[in-house]
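The file structure.cif contains mmCIF, C-alpha atoms and all ligand atoms:
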data_protein
#
loop_
_atom_site.label_atom_id
_atom_site.label_comp_id
_atom_site.auth_asym_id
_atom_site.auth_seq_id
_atom_site.Cartn_x
_atom_site.Cartn_y
_atom_site.Cartn_z
CA MET A 19 0.00 0.00 0.00
CA ASP A 20 1.34 3.46 -0.93
CA ARG A 21 0.22 7.09 -0.71
CA GLU A 22 -1.95 6.69 -3.81
CA ALA A 23 -3.80 3.84 -2.10
CA LEU A 24 -4.08 5.96 1.03
CA ARG A 25 -5.94 8.63 -0.96
CA LYS A 26 -8.49 6.06 -2.12
CA LEU A 27 -9.65 5.40 1.43
CA ARG A 28 -13.03 6.94 2.37
CA LEU A 29 -13.19 6.11 6.08
CA PHE A 30 -10.40 6.34 8.65
CA LEU A 31 -10.81 4.59 11.98
CA PHE A 32 -8.39 6.11 14.47
CA ASP A 33 -7.03 4.79 17.69
CA LEU A 34 -6.62 7.67 20.18
CA ASP A 35 -3.65 7.49 22.58
CA GLY A 36 -0.36 7.15 20.71
CA THR A 37 -2.09 7.98 17.42
CA LEU A 38 -3.86 11.36 17.75
CA TYR A 39 -2.41 12.38 21.12
CA LEU A 40 0.08 11.11 23.68
CA GLY A 41 -1.23 11.21 27.24
CA GLU A 42 -2.58 14.74 27.60
CA ARG A 43 -0.61 16.16 24.66
CA LEU A 44 -2.38 16.53 21.35
CA PHE A 45 -0.13 15.94 18.32
CA PRO A 46 0.33 19.16 16.27
CA PHE A 47 -1.25 17.67 13.12
CA THR A 48 -4.39 16.15 14.68
CA ARG A 49 -6.78 19.05 14.29
CA SER A 50 -5.80 19.81 10.67
CA LEU A 51 -5.85 16.13 9.72
CA LEU A 52 -9.39 15.56 10.98
CA ALA A 53 -10.66 18.79 9.40
CA ARG A 54 -8.98 17.90 6.09
CA LEU A 55 -10.57 14.44 6.03
CA ARG A 56 -14.10 15.80 6.31
CA GLU A 57 -13.42 18.74 3.94
CA SER A 58 -12.30 16.24 1.32
CA GLY A 59 -15.56 14.28 1.59
CA ARG A 60 -13.98 11.49 3.62
CA ASP A 61 -15.03 10.50 7.10
CA TYR A 62 -13.48 9.25 10.33
CA ARG A 63 -14.43 7.63 13.60
CA PHE A 64 -12.44 7.03 16.78
CA LEU A 65 -12.19 3.46 18.03
CA THR A 66 -11.50 2.94 21.70
CA ASN A 67 -11.27 -0.21 23.79
CA ASN A 68 -11.57 1.75 27.05
CA SER A 69 -15.04 1.01 28.45
CA SER A 70 -14.63 3.02 31.66
CA ARG A 71 -15.70 6.17 29.81
CA SER A 72 -18.74 6.69 27.57
CA ALA A 73 -18.66 8.18 24.06
CA ALA A 74 -20.05 11.41 25.58
CA ASP A 75 -17.20 11.49 28.16
CA TYR A 76 -14.69 10.96 25.35
CA ALA A 77 -16.24 13.66 23.16
CA ALA A 78 -16.00 16.14 26.05
CA ARG A 79 -12.37 15.15 26.70
CA LEU A 80 -11.34 15.52 23.06
CA THR A 81 -13.20 18.83 22.72
CA LYS A 82 -11.34 20.10 25.80
CA MET A 83 -8.05 19.08 24.18
CA GLY A 84 -8.96 21.29 21.22
CA VAL A 85 -10.56 18.78 18.84
CA PRO A 86 -14.30 19.45 18.53
CA ALA A 87 -16.01 16.04 18.78
CA VAL A 88 -19.50 14.61 19.32
CA PRO A 89 -20.42 11.19 20.82
CA GLU A 90 -21.33 9.90 17.33
CA ASP A 91 -17.67 10.25 16.31
CA PHE A 92 -16.75 7.38 18.65
CA ILE A 93 -17.16 3.64 18.54
CA THR A 94 -16.34 2.30 21.99
CA SER A 95 -15.96 -1.32 23.02
CA ALA A 96 -18.96 -0.76 25.31
CA GLU A 97 -21.09 0.22 22.33
CA ALA A 98 -19.97 -2.80 20.30
CA THR A 99 -20.66 -4.99 23.33
CA MET A 100 -24.19 -3.59 23.66
CA GLU A 101 -24.79 -4.31 19.99
CA TYR A 102 -23.61 -7.89 20.51
CA LEU A 103 -25.83 -8.35 23.57
CA ARG A 104 -28.89 -7.02 21.73
CA GLU A 105 -28.26 -9.35 18.79
CA ALA A 106 -27.07 -12.53 20.47
CA LEU A 107 -28.55 -12.41 23.98
CA PRO A 108 -31.66 -10.20 23.86
CA GLY A 109 -33.85 -9.59 26.92
CA ARG A 110 -31.37 -10.84 29.51
CA ASN A 111 -30.40 -9.37 32.82
CA PHE A 112 -26.64 -8.72 33.06
CA TYR A 113 -24.30 -8.49 36.02
CA VAL A 114 -21.91 -5.79 34.80
CA CYS A 115 -18.46 -5.43 36.32
CA GLY A 116 -17.85 -1.85 35.25
CA THR A 117 -18.03 1.81 36.20
CA ALA A 118 -21.29 3.59 37.03
CA SER A 119 -20.82 5.33 33.66
CA LEU A 120 -20.76 1.96 31.83
CA LYS A 121 -23.83 0.66 33.66
CA ALA A 122 -25.74 3.87 32.91
CA GLU A 123 -24.81 3.51 29.24
CA PHE A 124 -26.19 -0.04 29.19
CA ALA A 125 -29.40 1.10 30.88
CA ARG A 126 -29.82 3.94 28.37
CA ALA A 127 -29.45 1.42 25.55
CA GLY A 128 -32.29 -0.61 27.05
CA ILE A 129 -30.08 -3.43 28.35
CA SER A 130 -31.15 -4.69 31.74
CA VAL A 131 -28.43 -4.48 34.41
CA THR A 132 -28.68 -6.09 37.84
CA GLU A 133 -26.57 -5.57 40.97
CA ASP A 134 -27.93 -8.86 42.33
CA PRO A 135 -25.75 -11.82 41.27
CA ASP A 136 -28.66 -14.22 41.87
CA ALA A 137 -30.70 -12.40 39.22
CA ALA A 138 -27.89 -12.47 36.63
CA GLU A 139 -28.50 -14.13 33.26
CA GLY A 140 -25.12 -13.10 31.89
CA ILE A 141 -21.84 -11.46 32.94
CA VAL A 142 -20.17 -8.47 31.30
CA MET A 143 -16.63 -7.38 32.20
CA GLY A 144 -15.53 -3.83 31.45
CA TYR A 145 -12.61 -1.66 32.51
CA ASP A 146 -13.80 -1.20 36.07
CA THR A 147 -11.91 1.61 37.77
CA GLU A 148 -14.44 1.22 40.62
CA LEU A 149 -13.67 -2.48 41.20
CA THR A 150 -14.18 -3.85 44.73
CA TYR A 151 -13.50 -7.19 46.41
CA ARG A 152 -17.27 -7.58 46.76
CA LYS A 153 -17.59 -7.59 42.96
CA LEU A 154 -14.71 -10.08 42.61
CA THR A 155 -16.45 -12.38 45.09
CA ASP A 156 -19.78 -12.13 43.24
CA LEU A 157 -18.05 -12.82 39.92
CA SER A 158 -16.11 -15.79 41.30
CA ARG A 159 -19.30 -17.29 42.64
CA LEU A 160 -21.18 -16.78 39.36
CA LEU A 161 -18.37 -18.20 37.23
CA CYS A 162 -17.79 -21.23 39.50
CA GLN A 163 -21.39 -22.11 40.26
CA ARG A 164 -23.07 -21.25 36.97
CA PRO A 165 -20.90 -22.42 34.05
CA ASP A 166 -23.92 -21.98 31.74
CA LEU A 167 -23.91 -18.16 32.08
CA PRO A 168 -22.71 -16.21 29.01
CA TYR A 169 -19.50 -14.38 29.93
CA ILE A 170 -18.43 -11.40 27.81
CA ALA A 171 -15.55 -8.89 28.08
CA THR A 172 -15.69 -5.48 26.39
CA HIS A 173 -11.95 -5.67 25.51
CA PRO A 174 -8.85 -7.80 26.19
CA ASP A 175 -6.26 -5.16 27.25
CA LEU A 176 -4.17 -6.34 30.20
CA VAL A 177 -2.94 -2.92 31.23
CA CYS A 178 -3.93 0.70 30.87
CA PRO A 179 -1.09 3.24 30.54
CA THR A 180 -0.80 6.02 33.15
CA GLU A 181 1.72 8.79 33.88
CA PHE A 182 3.76 6.42 36.08
CA GLY A 183 3.50 3.17 34.09
CA SER A 184 0.43 0.92 33.98
CA VAL A 185 -2.59 -0.17 36.02
CA PRO A 186 -4.58 -3.43 35.58
CA ASP A 187 -7.20 -3.23 32.82
CA CYS A 188 -10.13 -5.52 31.97
CA GLY A 189 -7.92 -8.37 30.69
CA SER A 190 -5.97 -8.57 33.96
CA VAL A 191 -9.14 -8.89 36.01
CA CYS A 192 -10.39 -11.57 33.57
CA ALA A 193 -7.04 -13.39 34.00
CA MET A 194 -7.49 -13.30 37.77
CA LEU A 195 -10.99 -14.76 37.43
CA GLU A 196 -9.67 -17.40 35.03
CA THR A 197 -7.28 -18.51 37.76
CA VAL A 198 -10.29 -18.90 40.04
CA SER A 199 -12.82 -20.45 37.66
CA GLY A 200 -10.98 -21.70 34.56
CA ARG A 201 -13.35 -19.60 32.42
CA ARG A 202 -12.38 -17.15 29.70
CA PRO A 203 -14.75 -14.51 28.34
CA LEU A 204 -15.86 -13.89 24.77
CA VAL A 205 -13.98 -10.70 23.82
CA ILE A 206 -15.62 -7.86 21.83
CA GLY A 207 -13.16 -4.92 21.41
CA LYS A 208 -9.95 -4.64 19.38
CA PRO A 209 -8.40 -6.85 17.94
CA GLU A 210 -11.81 -8.40 17.17
CA ALA A 211 -13.54 -7.06 14.05
CA ARG A 212 -16.80 -5.91 15.67
CA MET A 213 -15.91 -2.22 16.25
CA PRO A 214 -14.65 -1.49 12.71
CA ARG A 215 -17.57 -3.44 11.22
CA LEU A 216 -20.00 -1.33 13.21
CA ALA A 217 -18.27 1.86 12.00
CA MET A 218 -18.25 0.68 8.37
CA ALA A 219 -21.94 -0.26 8.52
CA ARG A 220 -22.87 3.14 9.99
CA CYS A 221 -20.85 5.01 7.35
CA GLY A 222 -21.84 2.75 4.44
CA VAL A 223 -18.19 2.05 3.53
CA ALA A 224 -16.72 -1.25 2.27
CA PRO A 225 -13.70 -2.80 4.06
CA GLU A 226 -11.32 -2.05 1.16
CA GLN A 227 -12.16 1.68 1.44
CA CYS A 228 -11.52 1.74 5.15
CA GLY A 229 -8.21 2.29 6.99
CA VAL A 230 -7.65 1.35 10.62
CA VAL A 231 -4.91 3.60 12.03
CA GLY A 232 -3.17 2.86 15.32
CA ASP A 233 0.08 2.48 17.25
CA ARG A 234 -0.33 -1.08 18.56
CA LEU A 235 0.34 -4.10 16.38
CA TYR A 236 -1.57 -6.69 18.41
CA THR A 237 -4.73 -4.61 18.84
CA ASP A 238 -5.08 -1.87 16.19
CA ILE A 239 -3.30 -3.53 13.27
CA LYS A 240 -4.69 -6.98 13.99
CA CYS A 241 -8.15 -5.44 14.27
CA GLY A 242 -7.84 -3.83 10.83
CA LYS A 243 -6.79 -7.18 9.37
CA ASN A 244 -9.59 -9.08 11.11
CA ALA A 245 -12.12 -6.62 9.66
CA GLY A 246 -10.71 -6.93 6.12
CA ALA A 247 -9.76 -3.21 6.17
CA ARG A 248 -6.39 -1.61 5.36
CA SER A 249 -4.14 -1.46 8.41
CA ILE A 250 -1.92 1.59 9.00
CA LEU A 251 0.69 1.58 11.75
CA VAL A 252 1.95 4.84 13.21
CA LEU A 253 5.29 4.90 15.04
CA SER A 254 4.22 7.79 17.30
CA GLY A 255 3.16 5.59 20.23
CA GLU A 256 3.97 2.16 21.59
CA THR A 257 5.59 0.38 18.63
CA THR A 258 9.27 0.82 17.82
CA PRO A 259 10.86 -0.17 14.47
CA GLU A 260 12.52 -3.11 16.34
CA MET A 261 9.14 -4.36 17.59
CA LEU A 262 7.73 -4.05 14.08
CA ALA A 263 10.61 -6.02 12.58
CA LYS A 264 10.01 -8.93 14.97
CA SER A 265 6.21 -8.94 14.78
CA PRO A 266 4.24 -11.71 13.04
CA VAL A 267 1.50 -9.08 12.50
CA GLN A 268 2.54 -6.75 9.68
CA PRO A 269 0.58 -3.61 8.68
CA ASP A 270 -0.30 -2.65 5.09
CA LEU A 271 1.41 0.72 5.61
CA VAL A 272 3.84 2.18 8.17
CA LEU A 273 3.93 5.93 8.88
CA SER A 274 6.07 7.87 11.33
CA ASP A 275 2.85 9.49 12.54
CA ALA A 276 -0.71 10.17 11.34
CA GLY A 277 0.42 13.61 10.15
CA GLU A 278 1.74 11.79 7.08
CA ILE A 279 -1.86 11.08 6.06
CA LEU A 280 -2.41 14.85 6.03
CA SER A 281 0.63 15.39 3.76
CA ALA A 282 -0.64 12.68 1.38
CA LEU A 283 -4.05 14.37 1.18
CA GLU A 284 -2.52 17.82 0.72
CA ASP A 285 -0.60 16.49 -2.28
CA GLU A 286 -3.85 15.57 -4.02
CA THR A 287 -5.02 19.22 -4.23
CA SER A 288 -1.70 20.61 -5.51
MG MG B 301 -2.97 3.51 21.10
#

Would you mind writing the file's structure down as structure tokens?
Ligand SMILES: [Mg+2]
Amino acid sequence: MDREALRKLRLFLFDLDGTLYLGERLFPFTRSLLARLRESGRDYRFLTNNSSRSAADYAARLTKMGVPAVPEDFITSAEATMEYLREALPGRNFYVCGTASLKAEFARAGISVTEDPDAAEGIVMGYDTELTYRKLTDLSRLLCQRPDLPYIATHPDLVCPTEFGSVPDCGSVCAMLETVSGRRPLVIGKPEARMPRLAMARCGVAPEQCGVVGDRLYTDIKCGKNAGARSILVLSGETTPEMLAKSPVQPDLVLSDAGEILSALEDETS
């Protein structure tokens, strides 16, 4: 894939941290890139595995960083999970291990959430920054005593980056519960194809016209491949050239950062 092929893409699905900003610092090209995409008749969405914040929370955060955004610009793993639950397990009552924000989002989407483990007809694991030992006990009991219960995780990430290093994310809590129960959840977020497929369906764009852009090989790039889209790695975040050289997952295109997409699109008007 080259710059010419890049120009043929109609929909760009961006990862956030490491791709459009780093921690609290917005990359200098982000605002112009997003504006240019829409001016040129293309579209974009943001894909995020983090299910501790809603699309509305994310839109407010991005707007505050200087990128005007609305909730519809985001596809979160929570949203993709809700879509899965509606399709595959309609009308059930779910015990949700997640933040109050996640549970409220489920309720707004018409998915029944229970705090009572005895009333649970399914288990959903999110990134629960409000996790307690009480919840871990409830989950252990459900997973050990009721092996028939559907068990779903919004995303597989083991750690979430912070200013000082990392904290345990959804995947680490699932690993802890696997030690207890032997059970592993069905995973919805990146690298699974559900989030990009949802975005492509909403935008009416075919996989070959869609680019998934991100800084992680085993989530973003693998996700693009799983969805049949073009995968574009940026070296502005987690992945180093050495990591790329050793990786069994290889992107369709490698850029130093997403600002290179902007340069490729600027070329087309000159
Ligand atoms: Mg990232």

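The set of protein, DNA and RNA residues with any counted atom at most 9 Å from (-21.0, 9.2, 27.6) (all atoms listed in the file) reads A:Arg71, A:Ser72, A:Ala73, A:Ala74, A:Asp75, A:Tyr76, A:Ala77, A:Ala78, A:Pro89, A:Ser119, A:Leu120, A:Ala122, A:Glu123.
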
With C-alpha atoms retained, export the selected residues as a CSV table (one decimal), keeping the file's coordinate frame.
chain,number,residue,atom,x,y,z
A,71,ARG,CA,-15.7,6.2,29.8
A,72,SER,CA,-18.7,6.7,27.6
A,73,ALA,CA,-18.7,8.2,24.1
A,74,ALA,CA,-20.0,11.4,25.6
A,75,ASP,CA,-17.2,11.5,28.2
A,76,TYR,CA,-14.7,11.0,25.4
A,77,ALA,CA,-16.2,13.7,23.2
A,78,ALA,CA,-16.0,16.1,26.0
A,89,PRO,CA,-20.4,11.2,20.8
A,119,SER,CA,-20.8,5.3,33.7
A,120,LEU,CA,-20.8,2.0,31.8
A,122,ALA,CA,-25.7,3.9,32.9
A,123,GLU,CA,-24.8,3.5,29.2

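If you measure from each of A:Ala23, A:Val272, A:Ala245, A:Leu65 to Asp35 (chain A) using only C-alpha atoms, the closest one turns out to be A:Leu65.
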
For this session: For each of A:Phe47, A:Phe124, A:Tyr39, A:Phe92, take the minimum atom-to-atom distance to Asn68 (chain A), counting only C-alpha atoms, then give the residue where this is smallest.
Result: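 Closest residue, counting only C-alpha atoms: A:Phe92.
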
Exercise. How far is it from CA of Cys162 (chain A) to CA of Asp187 (chain A), in Å with one decimal?
Worked result: 21.9 Å

For this session: Residues within 9 Å of ligand MG 301 (chain B) should be enumerated using only C-alpha atoms and all ligand atoms and returned as an MDAnalysis selection string.
Result: chainID A and resid 32:40 66 232:234 237:238 255:256

Within 12 Å of file point (-11.0, -4.6, 30.4), counting only C-alpha atoms, expressed as a PDB file with C-alpha atoms, in the coordinates of the input:
ATOM      1  CA  THR A  66     -11.500   2.940  21.700  1.00  0.00           C
ATOM      2  CA  ASN A  67     -11.270  -0.210  23.790  1.00  0.00           C
ATOM      3  CA  ASN A  68     -11.570   1.750  27.050  1.00  0.00           C
ATOM      4  CA  SER A  69     -15.040   1.010  28.450  1.00  0.00           C
ATOM      5  CA  SER A  70     -14.630   3.020  31.660  1.00  0.00           C
ATOM      6  CA  ARG A  71     -15.700   6.170  29.810  1.00  0.00           C
ATOM      7  CA  SER A  95     -15.960  -1.320  23.020  1.00  0.00           C
ATOM      8  CA  ALA A  96     -18.960  -0.760  25.310  1.00  0.00           C
ATOM      9  CA  THR A  99     -20.660  -4.990  23.330  1.00  0.00           C
ATOM     10  CA  VAL A 114     -21.910  -5.790  34.800  1.00  0.00           C
ATOM     11  CA  CYS A 115     -18.460  -5.430  36.320  1.00  0.00           C
ATOM     12  CA  GLY A 116     -17.850  -1.850  35.250  1.00  0.00           C
ATOM     13  CA  THR A 117     -18.030   1.810  36.200  1.00  0.00           C
ATOM     14  CA  LEU A 120     -20.760   1.960  31.830  1.00  0.00           C
ATOM     15  CA  VAL A 142     -20.170  -8.470  31.300  1.00  0.00           C
ATOM     16  CA  MET A 143     -16.630  -7.380  32.200  1.00  0.00           C
ATOM     17  CA  GLY A 144     -15.530  -3.830  31.450  1.00  0.00           C
ATOM     18  CA  TYR A 145     -12.610  -1.660  32.510  1.00  0.00           C
ATOM     19  CA  ASP A 146     -13.800  -1.200  36.070  1.00  0.00           C
ATOM     20  CA  THR A 147     -11.910   1.610  37.770  1.00  0.00           C
ATOM     21  CA  LEU A 149     -13.670  -2.480  41.200  1.00  0.00           C
ATOM     22  CA  ILE A 170     -18.430 -11.400  27.810  1.00  0.00           C
ATOM     23  CA  ALA A 171     -15.550  -8.890  28.080  1.00  0.00           C
ATOM     24  CA  THR A 172     -15.690  -5.480  26.390  1.00  0.00           C
ATOM     25  CA  HIS A 173     -11.950  -5.670  25.510  1.00  0.00           C
ATOM     26  CA  PRO A 174      -8.850  -7.800  26.190  1.00  0.00           C
ATOM     27  CA  ASP A 175      -6.260  -5.160  27.250  1.00  0.00           C
ATOM     28  CA  LEU A 176      -4.170  -6.340  30.200  1.00  0.00           C
ATOM     29  CA  VAL A 177      -2.940  -2.920  31.230  1.00  0.00           C
ATOM     30  CA  CYS A 178      -3.930   0.700  30.870  1.00  0.00           C
ATOM     31  CA  VAL A 185      -2.590  -0.170  36.020  1.00  0.00           C
ATOM     32  CA  PRO A 186      -4.580  -3.430  35.580  1.00  0.00           C
ATOM     33  CA  ASP A 187      -7.200  -3.230  32.820  1.00  0.00           C
ATOM     34  CA  CYS A 188     -10.130  -5.520  31.970  1.00  0.00           C
ATOM     35  CA  GLY A 189      -7.920  -8.370  30.690  1.00  0.00           C
ATOM     36  CA  SER A 190      -5.970  -8.570  33.960  1.00  0.00           C
ATOM     37  CA  VAL A 191      -9.140  -8.890  36.010  1.00  0.00           C
ATOM     38  CA  CYS A 192     -10.390 -11.570  33.570  1.00  0.00           C
ATOM     39  CA  ALA A 193      -7.040 -13.390  34.000  1.00  0.00           C
ATOM     40  CA  MET A 194      -7.490 -13.300  37.770  1.00  0.00           C
ATOM     41  CA  PRO A 203     -14.750 -14.510  28.340  1.00  0.00           C
ATOM     42  CA  LEU A 204     -15.860 -13.890  24.770  1.00  0.00           C
ATOM     43  CA  VAL A 205     -13.980 -10.700  23.820  1.00  0.00           C
ATOM     44  CA  ILE A 206     -15.620  -7.860  21.830  1.00  0.00           C
ATOM     45  CA  GLY A 207     -13.160  -4.920  21.410  1.00  0.00           C
ATOM     46  CA  LYS A 208      -9.950  -4.640  19.380  1.00  0.00           C
TER      47      LYS A 208
END

Problem set entry | Interatomic distance, CA of Gly222 (chain A) to CA of Lys82 (chain A) (Å, one decimal) |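 Distance between the two atoms: 29.5 Å.
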
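Considering all atoms listed in the file, the residue among A:Ala125, A:Ala106, A:Ala263, A:Cys228 positioned nearest to Arg25 (chain A) is A:Cys228.
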
Problem set entry | Point-to-point distance in Å for CA of Tyr151 (chain A) and CA of Thr132 (chain A) |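 CA of Thr132 (chain A) sits 17.5 Å away from CA of Tyr151 (chain A).
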
Exercise. In terms of the shortest atom-to-atom distance over only C-alpha atoms, which of A:Asp91, A:Glu286, A:Glu42, A:Glu260 is closest to Glu181 (chain A)?
Worked result: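 Selected residue with least distance to Glu181 (chain A): A:Glu42.
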
For this session: List the neighbours of Glu57 (chain A) out to 12 Å using all atoms listed in the file; skip same-chain residues closer than 6 positions along the sequence, and give me the result as a count of residues only.
Result: 7

Problem set entry | Shortest interatomic distance to Glu139 (chain A) - which of A:Asn111, A:Ile250, A:Thr258, A:Ser158, counting all atoms listed in the file |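 So, comparing all the options, the nearest one is A:Asn111.
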
Hey, could you patch up region 184-199 of chain A with N, CA and C atoms and hand it over as a PDB file, keeping the file's coordinate frame?
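Wrote it out as result_0.pdb, contents follow:
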ATOM      1  N   SER A 184       1.712   1.518  34.358  1.00  0.00           N
ATOM      2  CA  SER A 184       0.430   0.920  33.980  1.00  0.00           C
ATOM      3  C   SER A 184      -0.385   0.510  35.200  1.00  0.00           C
ATOM      4  N   VAL A 185      -1.694   0.397  34.999  1.00  0.00           N
ATOM      5  CA  VAL A 185      -2.590  -0.170  36.020  1.00  0.00           C
ATOM      6  C   VAL A 185      -3.347  -1.334  35.362  1.00  0.00           C
ATOM      7  N   PRO A 186      -3.877  -2.284  36.171  1.00  0.00           N
ATOM      8  CA  PRO A 186      -4.580  -3.430  35.580  1.00  0.00           C
ATOM      9  C   PRO A 186      -5.840  -2.986  34.835  1.00  0.00           C
ATOM     10  N   ASP A 187      -6.006  -3.509  33.640  1.00  0.00           N
ATOM     11  CA  ASP A 187      -7.200  -3.230  32.820  1.00  0.00           C
ATOM     12  C   ASP A 187      -8.086  -4.483  32.821  1.00  0.00           C
ATOM     13  N   CYS A 188      -9.132  -4.439  32.041  1.00  0.00           N
ATOM     14  CA  CYS A 188     -10.130  -5.520  31.970  1.00  0.00           C
ATOM     15  C   CYS A 188      -9.505  -6.920  31.843  1.00  0.00           C
ATOM     16  N   GLY A 189      -8.527  -7.057  30.950  1.00  0.00           N
ATOM     17  CA  GLY A 189      -7.920  -8.370  30.690  1.00  0.00           C
ATOM     18  C   GLY A 189      -7.222  -8.957  31.916  1.00  0.00           C
ATOM     19  N   SER A 190      -6.639  -8.088  32.753  1.00  0.00           N
ATOM     20  CA  SER A 190      -5.970  -8.570  33.960  1.00  0.00           C
ATOM     21  C   SER A 190      -6.976  -9.106  34.963  1.00  0.00           C
ATOM     22  N   VAL A 191      -8.096  -8.429  35.081  1.00  0.00           N
ATOM     23  CA  VAL A 191      -9.140  -8.890  36.010  1.00  0.00           C
ATOM     24  C   VAL A 191      -9.732 -10.205  35.474  1.00  0.00           C
ATOM     25  N   CYS A 192      -9.906 -10.308  34.172  1.00  0.00           N
ATOM     26  CA  CYS A 192     -10.390 -11.570  33.570  1.00  0.00           C
ATOM     27  C   CYS A 192      -9.384 -12.693  33.816  1.00  0.00           C
ATOM     28  N   ALA A 193      -8.085 -12.373  33.755  1.00  0.00           N
ATOM     29  CA  ALA A 193      -7.040 -13.390  34.000  1.00  0.00           C
ATOM     30  C   ALA A 193      -7.102 -13.871  35.449  1.00  0.00           C
ATOM     31  N   MET A 194      -7.359 -12.947  36.346  1.00  0.00           N
ATOM     32  CA  MET A 194      -7.490 -13.300  37.770  1.00  0.00           C
ATOM     33  C   MET A 194      -8.682 -14.233  37.959  1.00  0.00           C
ATOM     34  N   LEU A 195      -9.790 -13.914  37.297  1.00  0.00           N
ATOM     35  CA  LEU A 195     -10.990 -14.760  37.430  1.00  0.00           C
ATOM     36  C   LEU A 195     -10.823 -16.100  36.717  1.00  0.00           C
ATOM     37  N   GLU A 196      -9.957 -16.121  35.700  1.00  0.00           N
ATOM     38  CA  GLU A 196      -9.670 -17.400  35.030  1.00  0.00           C
ATOM     39  C   GLU A 196      -8.900 -18.320  35.984  1.00  0.00           C
ATOM     40  N   THR A 197      -8.019 -17.729  36.763  1.00  0.00           N
ATOM     41  CA  THR A 197      -7.280 -18.510  37.760  1.00  0.00           C
ATOM     42  C   THR A 197      -8.254 -19.159  38.749  1.00  0.00           C
ATOM     43  N   VAL A 198      -9.307 -18.421  39.073  1.00  0.00           N
ATOM     44  CA  VAL A 198     -10.290 -18.900  40.040  1.00  0.00           C
ATOM     45  C   VAL A 198     -11.232 -19.941  39.421  1.00  0.00           C
ATOM     46  N   SER A 199     -11.700 -19.664  38.209  1.00  0.00           N
ATOM     47  CA  SER A 199     -12.820 -20.450  37.660  1.00  0.00           C
ATOM     48  C   SER A 199     -12.469 -21.288  36.439  1.00  0.00           C
TER      49      SER A 199
END
